[in-house]
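What follows is the content of query-v6.cif (mmCIF, N, CA and C atoms).
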data_query
#
loop_
_atom_site.label_atom_id
_atom_site.label_comp_id
_atom_site.auth_asym_id
_atom_site.auth_seq_id
_atom_site.Cartn_x
_atom_site.Cartn_y
_atom_site.Cartn_z
N MET I 1 6.79 24.92 -56.48
CA MET I 1 6.02 24.03 -57.31
C MET I 1 5.53 22.83 -56.50
N ALA I 2 6.38 22.30 -55.64
CA ALA I 2 5.98 21.16 -54.81
C ALA I 2 4.86 21.55 -53.86
N PHE I 3 4.93 22.77 -53.34
CA PHE I 3 3.87 23.26 -52.45
C PHE I 3 2.54 23.33 -53.18
N LEU I 4 2.54 23.78 -54.43
CA LEU I 4 1.32 23.87 -55.22
C LEU I 4 0.73 22.48 -55.46
N LYS I 5 1.56 21.52 -55.77
CA LYS I 5 1.09 20.15 -55.97
C LYS I 5 0.48 19.60 -54.67
N PHE I 6 1.17 19.81 -53.55
CA PHE I 6 0.67 19.36 -52.26
C PHE I 6 -0.68 20.01 -51.95
N THR I 7 -0.80 21.28 -52.19
CA THR I 7 -2.05 22.00 -51.93
C THR I 7 -3.19 21.46 -52.79
N LEU I 8 -2.92 21.23 -54.05
CA LEU I 8 -3.96 20.69 -54.93
C LEU I 8 -4.40 19.30 -54.50
N VAL I 9 -3.47 18.45 -54.12
CA VAL I 9 -3.82 17.11 -53.65
C VAL I 9 -4.63 17.20 -52.35
N PHE I 10 -4.20 18.07 -51.44
CA PHE I 10 -4.91 18.23 -50.17
C PHE I 10 -6.33 18.72 -50.40
N VAL I 11 -6.51 19.69 -51.27
CA VAL I 11 -7.86 20.22 -51.57
C VAL I 11 -8.71 19.14 -52.21
N ALA I 12 -8.14 18.35 -53.10
CA ALA I 12 -8.91 17.28 -53.74
C ALA I 12 -9.35 16.24 -52.72
N LEU I 13 -8.45 15.86 -51.81
CA LEU I 13 -8.82 14.89 -50.78
C LEU I 13 -9.86 15.46 -49.83
N PHE I 14 -9.73 16.70 -49.46
CA PHE I 14 -10.69 17.34 -48.58
C PHE I 14 -12.07 17.41 -49.22
N ALA I 15 -12.12 17.73 -50.51
CA ALA I 15 -13.41 17.84 -51.21
C ALA I 15 -14.11 16.48 -51.28
N THR I 16 -13.34 15.41 -51.45
CA THR I 16 -13.98 14.09 -51.52
C THR I 16 -14.49 13.64 -50.17
N THR I 17 -13.89 14.11 -49.09
CA THR I 17 -14.38 13.72 -47.77
C THR I 17 -15.66 14.45 -47.42
N LEU I 18 -15.97 15.53 -48.11
CA LEU I 18 -17.20 16.26 -47.84
C LEU I 18 -18.43 15.56 -48.41
N ALA I 19 -18.23 14.67 -49.36
CA ALA I 19 -19.35 13.91 -49.89
C ALA I 19 -19.93 13.09 -48.75
N MET I 20 -21.23 13.17 -48.56
CA MET I 20 -21.86 12.56 -47.40
C MET I 20 -22.31 11.13 -47.68
N ASN I 21 -21.41 10.32 -48.17
CA ASN I 21 -21.68 8.91 -48.36
C ASN I 21 -21.25 8.15 -47.12
N ALA I 22 -21.88 7.01 -46.86
CA ALA I 22 -21.50 6.21 -45.71
C ALA I 22 -21.67 4.74 -46.04
N THR I 23 -20.85 3.91 -45.39
CA THR I 23 -20.91 2.47 -45.56
C THR I 23 -20.75 1.81 -44.20
N TRP I 24 -21.60 0.86 -43.91
CA TRP I 24 -21.45 0.03 -42.72
C TRP I 24 -21.49 -1.41 -43.19
N GLY I 25 -20.49 -2.21 -42.83
CA GLY I 25 -20.42 -3.61 -43.25
C GLY I 25 -19.81 -3.74 -44.63
N SER I 26 -19.88 -4.96 -45.15
CA SER I 26 -19.37 -5.22 -46.50
C SER I 26 -20.27 -6.24 -47.18
N ARG I 27 -20.36 -6.11 -48.48
CA ARG I 27 -21.25 -6.93 -49.28
C ARG I 27 -20.48 -8.04 -49.98
N ASN I 28 -21.08 -9.23 -50.03
CA ASN I 28 -20.51 -10.35 -50.77
C ASN I 28 -21.26 -10.50 -52.09
N THR I 29 -20.71 -11.31 -52.98
CA THR I 29 -21.34 -11.51 -54.28
C THR I 29 -22.66 -12.28 -54.16
N THR I 30 -22.84 -13.02 -53.07
CA THR I 30 -24.07 -13.80 -52.92
C THR I 30 -25.17 -13.02 -52.18
N ASP I 31 -24.86 -11.82 -51.67
CA ASP I 31 -25.86 -11.04 -50.95
C ASP I 31 -26.93 -10.51 -51.90
N ILE I 32 -28.09 -10.26 -51.32
CA ILE I 32 -29.19 -9.73 -52.12
C ILE I 32 -29.61 -8.37 -51.57
N LEU I 33 -30.19 -7.57 -52.44
CA LEU I 33 -30.66 -6.25 -52.05
C LEU I 33 -31.98 -6.40 -51.29
N LEU I 34 -31.97 -6.03 -50.02
CA LEU I 34 -33.18 -6.14 -49.20
C LEU I 34 -34.04 -4.89 -49.28
N MET I 35 -33.40 -3.73 -49.43
CA MET I 35 -34.15 -2.49 -49.52
C MET I 35 -33.34 -1.45 -50.29
N ASN I 36 -34.02 -0.69 -51.10
CA ASN I 36 -33.42 0.43 -51.82
C ASN I 36 -34.42 1.57 -51.73
N GLU I 37 -34.08 2.60 -50.97
CA GLU I 37 -35.02 3.70 -50.76
C GLU I 37 -34.37 5.04 -51.07
N SER I 38 -35.02 5.81 -51.92
CA SER I 38 -34.59 7.17 -52.20
C SER I 38 -35.30 8.11 -51.26
N VAL I 39 -34.54 9.00 -50.64
CA VAL I 39 -35.10 9.97 -49.70
C VAL I 39 -34.83 11.36 -50.25
N VAL I 40 -35.90 12.07 -50.55
CA VAL I 40 -35.79 13.43 -51.08
C VAL I 40 -36.67 14.34 -50.24
N ARG I 41 -36.07 15.40 -49.70
CA ARG I 41 -36.81 16.39 -48.93
C ARG I 41 -36.36 17.77 -49.37
N THR I 42 -37.29 18.70 -49.45
CA THR I 42 -36.97 20.06 -49.85
C THR I 42 -36.37 20.81 -48.66
N PRO I 43 -35.54 21.81 -48.92
CA PRO I 43 -34.93 22.55 -47.82
C PRO I 43 -35.94 23.44 -47.10
N VAL I 44 -35.68 23.67 -45.82
CA VAL I 44 -36.48 24.58 -45.00
C VAL I 44 -35.52 25.64 -44.48
N THR I 45 -35.85 26.90 -44.69
CA THR I 45 -34.96 27.99 -44.31
C THR I 45 -34.65 27.98 -42.82
N ASN I 46 -33.37 28.11 -42.49
CA ASN I 46 -32.86 28.18 -41.12
C ASN I 46 -33.26 26.99 -40.25
N THR I 47 -33.37 25.82 -40.87
CA THR I 47 -33.77 24.62 -40.15
C THR I 47 -33.01 23.41 -40.71
N PHE I 48 -32.78 22.43 -39.85
CA PHE I 48 -32.26 21.15 -40.28
C PHE I 48 -33.44 20.25 -40.61
N VAL I 49 -33.29 19.42 -41.63
CA VAL I 49 -34.29 18.42 -41.96
C VAL I 49 -33.73 17.07 -41.53
N SER I 50 -34.52 16.29 -40.78
CA SER I 50 -34.08 14.99 -40.29
C SER I 50 -35.09 13.93 -40.71
N VAL I 51 -34.58 12.83 -41.28
CA VAL I 51 -35.43 11.74 -41.75
C VAL I 51 -34.86 10.43 -41.23
N ASP I 52 -35.71 9.59 -40.65
CA ASP I 52 -35.32 8.25 -40.23
C ASP I 52 -35.74 7.24 -41.29
N VAL I 53 -34.81 6.39 -41.69
CA VAL I 53 -35.10 5.31 -42.63
C VAL I 53 -35.01 4.01 -41.85
N ALA I 54 -36.14 3.33 -41.68
CA ALA I 54 -36.21 2.11 -40.90
C ALA I 54 -36.31 0.89 -41.81
N PHE I 55 -35.64 -0.18 -41.40
CA PHE I 55 -35.75 -1.46 -42.08
C PHE I 55 -35.91 -2.54 -41.04
N PRO I 56 -36.88 -3.42 -41.16
CA PRO I 56 -37.95 -3.41 -42.16
C PRO I 56 -38.98 -2.33 -41.86
N LYS I 57 -39.77 -2.04 -42.85
CA LYS I 57 -40.81 -1.02 -42.70
C LYS I 57 -41.86 -1.49 -41.70
N SER I 58 -42.59 -0.54 -41.16
CA SER I 58 -43.63 -0.85 -40.18
C SER I 58 -44.64 -1.84 -40.76
N GLY I 59 -44.93 -2.89 -40.01
CA GLY I 59 -45.86 -3.91 -40.46
C GLY I 59 -45.21 -5.04 -41.23
N GLN I 60 -43.92 -4.94 -41.52
CA GLN I 60 -43.20 -5.98 -42.24
C GLN I 60 -42.22 -6.67 -41.29
N THR I 61 -41.78 -7.85 -41.68
CA THR I 61 -40.77 -8.57 -40.90
C THR I 61 -39.59 -8.92 -41.80
N ASN I 62 -38.47 -9.23 -41.18
CA ASN I 62 -37.28 -9.62 -41.91
C ASN I 62 -36.56 -10.70 -41.11
N THR I 63 -36.20 -11.79 -41.76
CA THR I 63 -35.47 -12.86 -41.10
C THR I 63 -34.02 -12.97 -41.59
N ARG I 64 -33.66 -12.17 -42.58
CA ARG I 64 -32.31 -12.21 -43.14
C ARG I 64 -31.39 -11.26 -42.40
N LYS I 65 -30.15 -11.69 -42.19
CA LYS I 65 -29.17 -10.83 -41.53
C LYS I 65 -28.64 -9.80 -42.52
N ILE I 66 -28.53 -8.58 -42.04
CA ILE I 66 -27.99 -7.48 -42.85
C ILE I 66 -26.47 -7.64 -42.91
N THR I 67 -25.92 -7.50 -44.11
CA THR I 67 -24.47 -7.58 -44.27
C THR I 67 -23.85 -6.21 -44.56
N ALA I 68 -24.60 -5.33 -45.21
CA ALA I 68 -24.04 -4.03 -45.56
C ALA I 68 -25.15 -3.00 -45.72
N ILE I 69 -24.82 -1.77 -45.35
CA ILE I 69 -25.71 -0.63 -45.56
C ILE I 69 -24.90 0.44 -46.27
N TYR I 70 -25.43 0.93 -47.39
CA TYR I 70 -24.78 1.99 -48.15
C TYR I 70 -25.73 3.18 -48.22
N VAL I 71 -25.19 4.36 -47.97
CA VAL I 71 -25.94 5.60 -48.13
C VAL I 71 -25.18 6.44 -49.14
N TYR I 72 -25.88 6.80 -50.23
CA TYR I 72 -25.28 7.59 -51.30
C TYR I 72 -25.87 8.99 -51.31
N ASP I 73 -25.01 9.99 -51.33
CA ASP I 73 -25.43 11.38 -51.44
C ASP I 73 -25.63 11.68 -52.92
N ARG I 74 -26.83 12.07 -53.29
CA ARG I 74 -27.13 12.36 -54.70
C ARG I 74 -26.89 13.81 -55.08
N PHE I 75 -26.55 14.66 -54.11
CA PHE I 75 -26.14 16.02 -54.43
C PHE I 75 -24.70 15.96 -54.92
N THR I 76 -24.38 16.74 -55.93
CA THR I 76 -23.02 16.72 -56.47
C THR I 76 -22.15 17.82 -55.90
N ASN I 77 -22.69 18.65 -55.01
CA ASN I 77 -21.91 19.77 -54.48
C ASN I 77 -21.60 19.59 -52.99
N SER I 78 -21.63 18.37 -52.50
CA SER I 78 -21.29 18.05 -51.10
C SER I 78 -22.17 18.77 -50.09
N SER I 79 -23.41 19.00 -50.44
CA SER I 79 -24.32 19.66 -49.50
C SER I 79 -25.38 18.68 -48.98
N GLY I 80 -25.09 17.40 -49.08
CA GLY I 80 -26.07 16.39 -48.72
C GLY I 80 -26.18 16.14 -47.23
N ALA I 81 -27.08 15.24 -46.90
CA ALA I 81 -27.37 14.90 -45.51
C ALA I 81 -26.24 14.07 -44.89
N THR I 82 -26.12 14.17 -43.58
CA THR I 82 -25.15 13.37 -42.84
C THR I 82 -25.85 12.11 -42.33
N PRO I 83 -25.42 10.93 -42.79
CA PRO I 83 -26.06 9.69 -42.35
C PRO I 83 -25.46 9.17 -41.05
N THR I 84 -26.33 8.65 -40.18
CA THR I 84 -25.91 8.06 -38.92
C THR I 84 -26.69 6.76 -38.70
N LEU I 85 -25.98 5.70 -38.37
CA LEU I 85 -26.63 4.42 -38.06
C LEU I 85 -26.99 4.45 -36.57
N TRP I 86 -28.28 4.57 -36.27
CA TRP I 86 -28.73 4.70 -34.89
C TRP I 86 -28.92 3.36 -34.20
N SER I 87 -29.36 2.34 -34.93
CA SER I 87 -29.54 1.02 -34.31
C SER I 87 -29.50 -0.06 -35.37
N GLY I 88 -29.22 -1.29 -34.91
CA GLY I 88 -29.18 -2.43 -35.82
C GLY I 88 -27.98 -2.33 -36.76
N GLY I 89 -28.17 -2.85 -37.96
CA GLY I 89 -27.11 -2.79 -38.96
C GLY I 89 -26.55 -4.16 -39.27
N PRO I 90 -25.31 -4.22 -39.79
CA PRO I 90 -24.71 -5.50 -40.14
C PRO I 90 -24.69 -6.47 -38.96
N GLY I 91 -25.15 -7.69 -39.22
CA GLY I 91 -25.24 -8.72 -38.19
C GLY I 91 -26.60 -8.78 -37.53
N TYR I 92 -27.43 -7.80 -37.77
CA TYR I 92 -28.78 -7.75 -37.20
C TYR I 92 -29.81 -7.93 -38.32
N THR I 93 -31.07 -8.04 -37.95
CA THR I 93 -32.14 -8.14 -38.94
C THR I 93 -32.89 -6.83 -39.08
N THR I 94 -32.51 -5.83 -38.32
CA THR I 94 -33.15 -4.51 -38.40
C THR I 94 -32.08 -3.43 -38.51
N ALA I 95 -32.51 -2.25 -38.95
CA ALA I 95 -31.60 -1.10 -39.01
C ALA I 95 -32.41 0.18 -38.97
N LEU I 96 -31.82 1.20 -38.37
CA LEU I 96 -32.42 2.53 -38.35
C LEU I 96 -31.32 3.52 -38.70
N VAL I 97 -31.47 4.16 -39.87
CA VAL I 97 -30.50 5.13 -40.37
C VAL I 97 -31.16 6.50 -40.32
N ASN I 98 -30.44 7.47 -39.73
CA ASN I 98 -30.94 8.84 -39.68
C ASN I 98 -30.17 9.68 -40.69
N LEU I 99 -30.90 10.48 -41.45
CA LEU I 99 -30.30 11.41 -42.40
C LEU I 99 -30.62 12.82 -41.91
N LYS I 100 -29.59 13.61 -41.63
CA LYS I 100 -29.80 14.97 -41.15
C LYS I 100 -29.15 15.93 -42.13
N SER I 101 -29.95 16.86 -42.61
CA SER I 101 -29.46 17.80 -43.61
C SER I 101 -28.58 18.86 -42.98
N GLN I 102 -27.90 19.60 -43.82
CA GLN I 102 -27.19 20.78 -43.37
C GLN I 102 -28.21 21.91 -43.21
N MET I 103 -27.84 22.95 -42.50
CA MET I 103 -28.74 24.07 -42.25
C MET I 103 -29.24 24.66 -43.57
N SER I 104 -30.56 24.77 -43.69
CA SER I 104 -31.22 25.36 -44.86
C SER I 104 -30.96 24.58 -46.14
N ARG I 105 -30.65 23.30 -46.01
CA ARG I 105 -30.42 22.44 -47.18
C ARG I 105 -31.41 21.29 -47.16
N GLY I 106 -31.62 20.69 -48.30
CA GLY I 106 -32.52 19.56 -48.40
C GLY I 106 -31.78 18.24 -48.30
N ILE I 107 -32.51 17.18 -48.59
CA ILE I 107 -31.93 15.83 -48.58
C ILE I 107 -32.22 15.18 -49.93
N ASN I 108 -31.20 14.56 -50.49
CA ASN I 108 -31.36 13.76 -51.70
C ASN I 108 -30.38 12.60 -51.58
N SER I 109 -30.81 11.54 -50.94
CA SER I 109 -29.93 10.39 -50.66
C SER I 109 -30.63 9.09 -51.04
N THR I 110 -29.84 8.07 -51.25
CA THR I 110 -30.34 6.73 -51.49
C THR I 110 -29.75 5.80 -50.44
N VAL I 111 -30.61 5.01 -49.80
CA VAL I 111 -30.17 4.05 -48.78
C VAL I 111 -30.37 2.65 -49.35
N GLU I 112 -29.30 1.87 -49.38
CA GLU I 112 -29.36 0.48 -49.82
C GLU I 112 -29.01 -0.41 -48.64
N ILE I 113 -29.81 -1.46 -48.44
CA ILE I 113 -29.54 -2.44 -47.39
C ILE I 113 -29.43 -3.80 -48.05
N TRP I 114 -28.27 -4.45 -47.83
CA TRP I 114 -27.97 -5.76 -48.41
C TRP I 114 -27.95 -6.81 -47.31
N GLY I 115 -28.35 -8.04 -47.67
CA GLY I 115 -28.39 -9.11 -46.68
C GLY I 115 -28.01 -10.44 -47.26
N LYS I 116 -27.89 -11.42 -46.35
CA LYS I 116 -27.53 -12.77 -46.77
C LYS I 116 -28.68 -13.43 -47.50
N ASN I 117 -28.33 -14.16 -48.54
CA ASN I 117 -29.34 -14.86 -49.33
C ASN I 117 -29.81 -16.10 -48.62
#

The structure in this file should be written as structure tokens.
Amino acid sequence: MAFLKFTLVFVALFATTLAMNATWGSRNTTDILLMNESVVRTPVTNTFVSVDVAFPKSGQTNTRKITAIYVYDRFTNSSGATPTLWSGGPGYTTALVNLKSQMSRGINSTVEIWGKN
């Protein structure tokens, strides 16, 4: 019986780690939302889909320091994209987040960037 309980707990913990959410930094109550972008891409057979989310967008500027970046996987079956912070991030005024899908899977993620007020 103890083995069954251990197995169930282990499977539950393993399943939650498959969710492709990511966090860099931490948000305070005084921080403001600098960017909220939904990224949706359809799957391509036998191919990875890769999307770069840049902040600030081309042609825009930002003078506020980033305090936190959150990436939420909107797929409920843990088949979402793997987020990677390529440059910038908390403590900087710019950020570049890459979202790479699983093989033959799409992307449905939301990227939030928070900064100092």

Please, which residues of stretch 7-109 of chain I, numbered as in this document, come out helix (DSSP H, G or I) from DSSP, as a PyMOL selection string?
chain I and resi 7-17

Determine which residues of stretch 31-62 of chain I DSSP labels as strand (DSSP E) from the backbone of this structure, then write them out as a PyMOL selection string.
chain I and resi 32-41+50-55

If I take atom CA of I:Ala54 and atom CA of I:Gly80, how far is one from the other in Å, to one decimal?
19.2 Å

Report the residues retrieved by the PyMOL selection byres ((chain I and resi 38) around 6) from the displayed file, expressed as a PyMOL selection string.
chain I and resi 36-37+39-40+109-111

Nearest-residue call for I:Gln102, choices I:Leu85, I:Val49, I:Met35, I:Ala68, using only N, CA and C atoms
I:Val49

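If you count all atoms listed in the file and ignore residues fewer than 3 places along the chain from I:Val44, what sits within 8 Å of it is Arg41, Thr47, Phe48, Val49, Met103, Ser104, Arg105, Gly106 and Ile107 of chain I.
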
Selection as a ChimeraX atom specification: residues within 6 Å of (-30.7, 0.0, -41.3), counting only N, CA and C atoms
/I:53-55,88-89,94-97

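Computed from the coordinates, the atom C of I:Lys116 to atom N of I:Thr93 distance equals 11.2 Å.
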
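In this model, the gap between atom CA of I:Met20 and atom N of I:Leu33 comes to 22.4 Å.
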
What residues come out when you apply the PyMOL selection byres (((chain I and resi 50 and name CA) around 8) and name CA) to this file, written as an MDAnalysis selection string?
chainID I and resid 48:49 51:52 98:101

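Minimum distance to I:Glu112 across I:Thr84, I:Gln60, I:Thr23, I:Asn46 (counting only C-alpha atoms) occurs at I:Thr23.
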
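Using only C-alpha atoms, the smallest distance between any of I:Asn28, I:Thr45, I:Ile69, I:Leu34 and I:Lys57 comes from I:Leu34.
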